[in-house]
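Trainee: Got a structure here, written out as structure tokens. Questions coming.
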Amino acid sequence: MKQYSKETRSGFYRRLYRIRAFELRCVRLFRQGQIRGYLHPYLGQEAIATGVCASLEAGDLIVSTHRGHGHCIARGADLGCMMAELFGRAGGYCAGRGGSMHIADFDRGNLGANGIVGAGIPIGVGAALASQIRDDGRVTAIFFSDGASNNGVFAESLNMAAIRDLPVLFVLENNHYAVSTPIEAMTREADLYKRAAGYGVEGLAVDGNDVLEVYEKSSEMVARCRDGRGPVLMEAKTYRHMGHHANDPGRYMPKDRVEHYRSRDPVQIGAKYLMEIGGAAEAEVARITAEIDAEIAAAEEYALNSPDPSVEAFVSELGDSS
């Protein structure tokens with residue numbers, strides 16, 4: 001593994017813990033009735049968004065999923081605007097009209113989450129095609145799930161990207177479940193990255209719980225795409241820390257597998273890298289977590305104080321678009 005500075009490792013831990021703290025607070029707020037609509041936590045998958053987004057340049061693009069808070073945060077989203085959107089308030093990214101599954105942040109290259117499984121994949125391929133036509137040097141990272149990989153649009157999009165040599169990194173987040181159906185029941189070959197070979201595409205698998213491994217491999221693949229040698233399919237193997245959504249107890253998840261992956265907690269691995277390899281003391285880790293906890297509290301306060309969407313503004317916008 002490459003050597004990284006203490007500052008770099010600290011940045012990774014900050015992003016990992018920021019995603020974890022945001023999601024845990026949102027689960028609590030959802031159960032209190034503050035958050036409207038569905039909530040699909042990114043708990044247990046934090047290293048994937050953190051590692052991939054850290055490998056991208058400022059002008060690059062991402063496309064997210066219904067389980068997309070981690071991608072938004074790793075790309076630098078404003079936590080207050082995110083929280084307000086989840087609350088259905090006017091101060092949110094989509095003025096409270098999109099909710100958890102439809103946050104977009106164009107200023108940071110986030111083309112948006114998507115409530116339809118797999119629907120973001122062709123959007124990302126289209127963005128990569130536009131980049132190629134414009135010759136703007138951008139790379140697009142498309143996040144999608146193991147469940148989405150069984151949708152026809154995945155095969156069509158991968159093929160389209162292959163025949164055009166598009167600058168796109170397909171990030172397959174394999175958390176082993178499509179809602180409650182295990183990957184073993186959905187496909188004969190559970191190593192999903194091997195599907196790339198049938199399209200003449202580079203494919204690889206990474207430990208989706210190890211932020212440094214994700215970062216190193218995605219950096220190599222992003223550079224490959226930027227050099228015109230894309231696309232690439234990268235499968236990040238991970239596991240959810242809870243059920244499909246905030247009210248799903250996940251009883252279908254075998255206890256031994258849950259315990260195994262919790263022992264490989266991506267946030268704890270990030271803290272370990274910071275303390276044991278980065279030279280930071282436990283006090284420094286505690287300081288970082290305290291700062292981020294304060295950020296989350298401020299985001300919640302912003303959301304609570306943000307007004308409800310204006311009916312008049314909504315009607316006016318409808319008139320402007322007609």
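Chain labels run A, B, ... following the order of the structure tokens; each chain numbers its residues from 1, and ligands are numbered from 1 in the order shown.
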Considering only helix (DSSP H, G or I) as DSSP defines it on the backbone, what residues of segment 10-223 of chain A qualify? List them as an MDAnalysis selection string.
Mentor: chainID A and resid 10:31 46:54 69:74 79:87 100:102 106:108 120:134 148:150 152:164 183:185 192:199 211:223
Trainee: Quick one: residues within 7 Å of segment 127-144 of chain A, only C-alpha atoms, excluding same-chain residues fewer than 6 positions away - as a count of residues only?
Mentor: 20
Trainee: Write out as a Markdown table the residues of segment 26-109 of chain A that have any atom within 12 Å of an atom of segment 174-184 of chain A, one row each with the nearest atom pair and its distance in Å to one decimal, counting only C-alpha atoms, sorted by chain and then rising number.
Mentor:
| residue | atom | partner | partner_atom | distance |
| --- | --- | --- | --- | --- |
| A:His40 | CA | A:Val179 | CA | 10.3 |
| A:Tyr42 | CA | A:Asn175 | CA | 10.2 |
| A:Leu43 | CA | A:Asn175 | CA | 10.6 |
| A:Gly44 | CA | A:Asn175 | CA | 8.8 |
| A:Gln45 | CA | A:Asn175 | CA | 7.9 |
| A:Glu46 | CA | A:Asn175 | CA | 11.6 |
| A:Ile48 | CA | A:Asn174 | CA | 10.3 |
| A:His66 | CA | A:Val179 | CA | 11.8 |
| A:Arg67 | CA | A:Asn175 | CA | 11.3 |
Trainee: Excluding same-chain residues fewer than 2 positions from Met221 of chain A, what lies within 9 Å of it counting only C-alpha atoms, as a list in words?
Mentor: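 Near neighbours after the sequence-gap exclusion: Leu169, Glu216, Lys217, Ser218, Ser219, Ala223, Arg224, Cys225, Arg226, Gly230, Pro231, Val232, Leu233 and Met234 of chain A.
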Trainee: Quick one: of A:Ile296, A:Ile269, A:Ala190, A:Leu304, who's nearest to Tyr13 of chain A, counting only C-alpha atoms?
Mentor: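 So, comparing all the options, the nearest one is A:Ile269.
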Trainee: For Ser306 of chain A, which residue among A:Tyr273, A:Phe87, A:Tyr239, A:Tyr261 is the nearest when counting only C-alpha atoms?
Mentor: A:Phe87
Trainee: What's around Arg195 of chain A at 12 Å? Count only C-alpha atoms, leave out sequence neighbours fewer than 5 positions away in its own chain, and write the answer as an NGL selection string.
Mentor: :A and (146 or 149-150 or 154-155 or 158-159 or 170 or 172 or 187-190 or 200-205 or 232-235)
Trainee: Export N, CA and C atoms of the chosen residues as a PDB file, in the first residue's frame?
Mentor:
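Once everything was written out, this is selection-v9.pdb:
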ATOM      1  N   ASP A 146     -25.747  -3.844  -6.704  1.00  0.00           N
ATOM      2  CA  ASP A 146     -25.782  -5.195  -7.265  1.00  0.00           C
ATOM      3  C   ASP A 146     -27.153  -5.503  -7.851  1.00  0.00           C
ATOM      4  N   SER A 149     -27.389  -4.116 -11.289  1.00  0.00           N
ATOM      5  CA  SER A 149     -26.581  -4.803 -12.299  1.00  0.00           C
ATOM      6  C   SER A 149     -27.364  -5.881 -13.031  1.00  0.00           C
ATOM      7  N   ASN A 150     -28.521  -6.265 -12.507  1.00  0.00           N
ATOM      8  CA  ASN A 150     -29.364  -7.245 -13.186  1.00  0.00           C
ATOM      9  C   ASN A 150     -30.456  -6.595 -14.030  1.00  0.00           C
ATOM     10  N   PHE A 154     -28.187  -1.765 -17.441  1.00  0.00           N
ATOM     11  CA  PHE A 154     -26.765  -1.890 -17.121  1.00  0.00           C
ATOM     12  C   PHE A 154     -26.000  -2.459 -18.306  1.00  0.00           C
ATOM     13  N   ALA A 155     -26.500  -3.542 -18.867  1.00  0.00           N
ATOM     14  CA  ALA A 155     -25.829  -4.170 -20.012  1.00  0.00           C
ATOM     15  C   ALA A 155     -25.792  -3.226 -21.210  1.00  0.00           C
ATOM     16  N   LEU A 158     -23.255  -0.389 -20.427  1.00  0.00           N
ATOM     17  CA  LEU A 158     -21.868  -0.853 -20.455  1.00  0.00           C
ATOM     18  C   LEU A 158     -21.416  -1.075 -21.892  1.00  0.00           C
ATOM     19  N   ASN A 159     -22.284  -1.626 -22.693  1.00  0.00           N
ATOM     20  CA  ASN A 159     -21.944  -1.860 -24.097  1.00  0.00           C
ATOM     21  C   ASN A 159     -21.751  -0.541 -24.840  1.00  0.00           C
ATOM     22  N   PHE A 170     -17.710   2.768 -13.861  1.00  0.00           N
ATOM     23  CA  PHE A 170     -18.909   2.139 -13.309  1.00  0.00           C
ATOM     24  C   PHE A 170     -18.545   1.597 -11.919  1.00  0.00           C
ATOM     25  N   LEU A 172     -19.819  -0.413  -9.016  1.00  0.00           N
ATOM     26  CA  LEU A 172     -20.858  -1.352  -8.614  1.00  0.00           C
ATOM     27  C   LEU A 172     -20.719  -1.615  -7.112  1.00  0.00           C
ATOM     28  N   THR A 187     -27.883 -14.413  -9.192  1.00  0.00           N
ATOM     29  CA  THR A 187     -26.952 -14.661 -10.285  1.00  0.00           C
ATOM     30  C   THR A 187     -26.091 -15.881  -9.973  1.00  0.00           C
ATOM     31  N   ARG A 188     -25.742 -16.640 -10.997  1.00  0.00           N
ATOM     32  CA  ARG A 188     -24.911 -17.828 -10.791  1.00  0.00           C
ATOM     33  C   ARG A 188     -23.486 -17.428 -10.447  1.00  0.00           C
ATOM     34  N   GLU A 189     -22.995 -16.316 -11.043  1.00  0.00           N
ATOM     35  CA  GLU A 189     -21.636 -15.833 -10.774  1.00  0.00           C
ATOM     36  C   GLU A 189     -21.723 -14.597  -9.885  1.00  0.00           C
ATOM     37  N   ALA A 190     -21.322 -14.747  -8.617  1.00  0.00           N
ATOM     38  CA  ALA A 190     -21.474 -13.663  -7.644  1.00  0.00           C
ATOM     39  C   ALA A 190     -20.373 -12.617  -7.741  1.00  0.00           C
ATOM     40  N   GLY A 200     -15.601  -6.534 -23.364  1.00  0.00           N
ATOM     41  CA  GLY A 200     -14.265  -6.037 -23.667  1.00  0.00           C
ATOM     42  C   GLY A 200     -13.854  -4.876 -22.791  1.00  0.00           C
ATOM     43  N   VAL A 201     -14.363  -4.874 -21.572  1.00  0.00           N
ATOM     44  CA  VAL A 201     -14.133  -3.777 -20.641  1.00  0.00           C
ATOM     45  C   VAL A 201     -13.244  -4.246 -19.495  1.00  0.00           C
ATOM     46  N   GLU A 202     -12.400  -3.357 -19.003  1.00  0.00           N
ATOM     47  CA  GLU A 202     -11.582  -3.647 -17.829  1.00  0.00           C
ATOM     48  C   GLU A 202     -12.488  -3.807 -16.610  1.00  0.00           C
ATOM     49  N   GLY A 203     -12.294  -4.892 -15.845  1.00  0.00           N
ATOM     50  CA  GLY A 203     -13.085  -5.129 -14.641  1.00  0.00           C
ATOM     51  C   GLY A 203     -12.199  -5.519 -13.485  1.00  0.00           C
ATOM     52  N   LEU A 204     -12.564  -5.092 -12.295  1.00  0.00           N
ATOM     53  CA  LEU A 204     -11.805  -5.438 -11.103  1.00  0.00           C
ATOM     54  C   LEU A 204     -12.698  -5.362  -9.880  1.00  0.00           C
ATOM     55  N   ALA A 205     -12.253  -6.028  -8.802  1.00  0.00           N
ATOM     56  CA  ALA A 205     -12.969  -5.996  -7.533  1.00  0.00           C
ATOM     57  C   ALA A 205     -12.075  -5.384  -6.469  1.00  0.00           C
ATOM     58  N   VAL A 232     -14.405   1.494 -17.330  1.00  0.00           N
ATOM     59  CA  VAL A 232     -13.956   0.507 -16.355  1.00  0.00           C
ATOM     60  C   VAL A 232     -15.131   0.142 -15.453  1.00  0.00           C
ATOM     61  N   LEU A 233     -15.236  -1.139 -15.127  1.00  0.00           N
ATOM     62  CA  LEU A 233     -16.226  -1.614 -14.156  1.00  0.00           C
ATOM     63  C   LEU A 233     -15.487  -2.017 -12.886  1.00  0.00           C
ATOM     64  N   MET A 234     -15.748  -1.317 -11.797  1.00  0.00           N
ATOM     65  CA  MET A 234     -15.120  -1.623 -10.512  1.00  0.00           C
ATOM     66  C   MET A 234     -16.188  -2.067  -9.514  1.00  0.00           C
ATOM     67  N   GLU A 235     -16.098  -3.316  -9.082  1.00  0.00           N
ATOM     68  CA  GLU A 235     -17.027  -3.847  -8.086  1.00  0.00           C
ATOM     69  C   GLU A 235     -16.428  -3.650  -6.696  1.00  0.00           C
TER      70      GLU A 235
END
Trainee: At a cut-off of 10 Å, using only C-alpha atoms, what residues contact segment 277-294 of chain A? Leave out same-chain residues fewer than 4 positions from it and give the result as a ChimeraX atom specification.
Mentor: /A:3-11,13-15,17-19,21-22,25,271-273,298-300
Trainee: Those residues you just picked out, can you put them in a file as a compact mmCIF listing (two decimals), in the first residue's frame with N, CA and C atoms?
Mentor:
# COMPACT_ATOMS: atom_id res chain seq x y z
N GLN A 3 2.22 5.13 0.63
CA GLN A 3 2.33 5.93 1.84
C GLN A 3 1.52 7.22 1.67
N TYR A 4 0.76 7.58 2.68
CA TYR A 4 -0.05 8.78 2.64
C TYR A 4 0.23 9.63 3.87
N SER A 5 0.15 10.94 3.69
CA SER A 5 0.41 11.85 4.79
C SER A 5 -0.68 11.76 5.85
N LYS A 6 -0.34 12.26 7.01
CA LYS A 6 -1.32 12.31 8.09
C LYS A 6 -2.52 13.16 7.69
N GLU A 7 -2.28 14.23 6.94
CA GLU A 7 -3.37 15.12 6.51
C GLU A 7 -4.32 14.39 5.56
N THR A 8 -3.75 13.59 4.67
CA THR A 8 -4.58 12.83 3.74
C THR A 8 -5.45 11.82 4.48
N ARG A 9 -4.84 11.10 5.40
CA ARG A 9 -5.60 10.11 6.18
C ARG A 9 -6.65 10.78 7.05
N SER A 10 -6.31 11.95 7.56
CA SER A 10 -7.27 12.70 8.36
C SER A 10 -8.47 13.11 7.51
N GLY A 11 -8.20 13.52 6.27
CA GLY A 11 -9.29 13.89 5.37
C GLY A 11 -10.20 12.72 5.06
N TYR A 13 -10.72 10.12 7.04
CA TYR A 13 -11.51 9.83 8.24
C TYR A 13 -12.65 10.83 8.41
N ARG A 14 -12.37 12.08 8.13
CA ARG A 14 -13.41 13.10 8.24
C ARG A 14 -14.60 12.77 7.34
N ARG A 15 -14.32 12.39 6.11
CA ARG A 15 -15.41 12.08 5.18
C ARG A 15 -16.16 10.83 5.61
N TYR A 17 -16.47 9.58 8.67
CA TYR A 17 -17.27 9.82 9.87
C TYR A 17 -18.41 10.79 9.59
N ARG A 18 -18.18 11.75 8.68
CA ARG A 18 -19.25 12.69 8.34
C ARG A 18 -20.45 11.95 7.74
N ILE A 19 -20.18 11.01 6.86
CA ILE A 19 -21.27 10.21 6.28
C ILE A 19 -21.95 9.38 7.36
N ALA A 21 -22.08 9.82 10.68
CA ALA A 21 -22.82 10.63 11.65
C ALA A 21 -24.10 11.19 11.04
N PHE A 22 -24.02 11.62 9.78
CA PHE A 22 -25.21 12.15 9.11
C PHE A 22 -26.28 11.09 9.00
N ARG A 25 -27.89 10.19 12.39
CA ARG A 25 -28.81 11.24 12.82
C ARG A 25 -30.09 11.19 12.00
N ALA A 271 -10.25 5.14 11.01
CA ALA A 271 -9.65 5.64 12.25
C ALA A 271 -8.34 4.92 12.54
N LYS A 272 -8.31 3.62 12.26
CA LYS A 272 -7.09 2.84 12.47
C LYS A 272 -5.96 3.34 11.58
N TYR A 273 -6.27 3.61 10.32
CA TYR A 273 -5.26 4.15 9.42
C TYR A 273 -4.72 5.47 9.94
N ALA A 298 -25.69 21.43 13.56
CA ALA A 298 -25.99 22.70 12.90
C ALA A 298 -26.85 22.46 11.65
N ALA A 299 -26.59 21.37 10.94
CA ALA A 299 -27.39 21.05 9.76
C ALA A 299 -28.84 20.77 10.15
N GLU A 300 -29.02 20.06 11.24
CA GLU A 300 -30.37 19.77 11.72
C GLU A 300 -31.08 21.06 12.11
Trainee: Would you mind listing what lies within 7 Å of Gly112 of chain A as JSON, numbers by chain, with only C-alpha atoms counted and same-chain residues fewer than 2 positions away left out?
Mentor: {"A": [63, 64, 102, 103, 104, 105, 110, 114]}
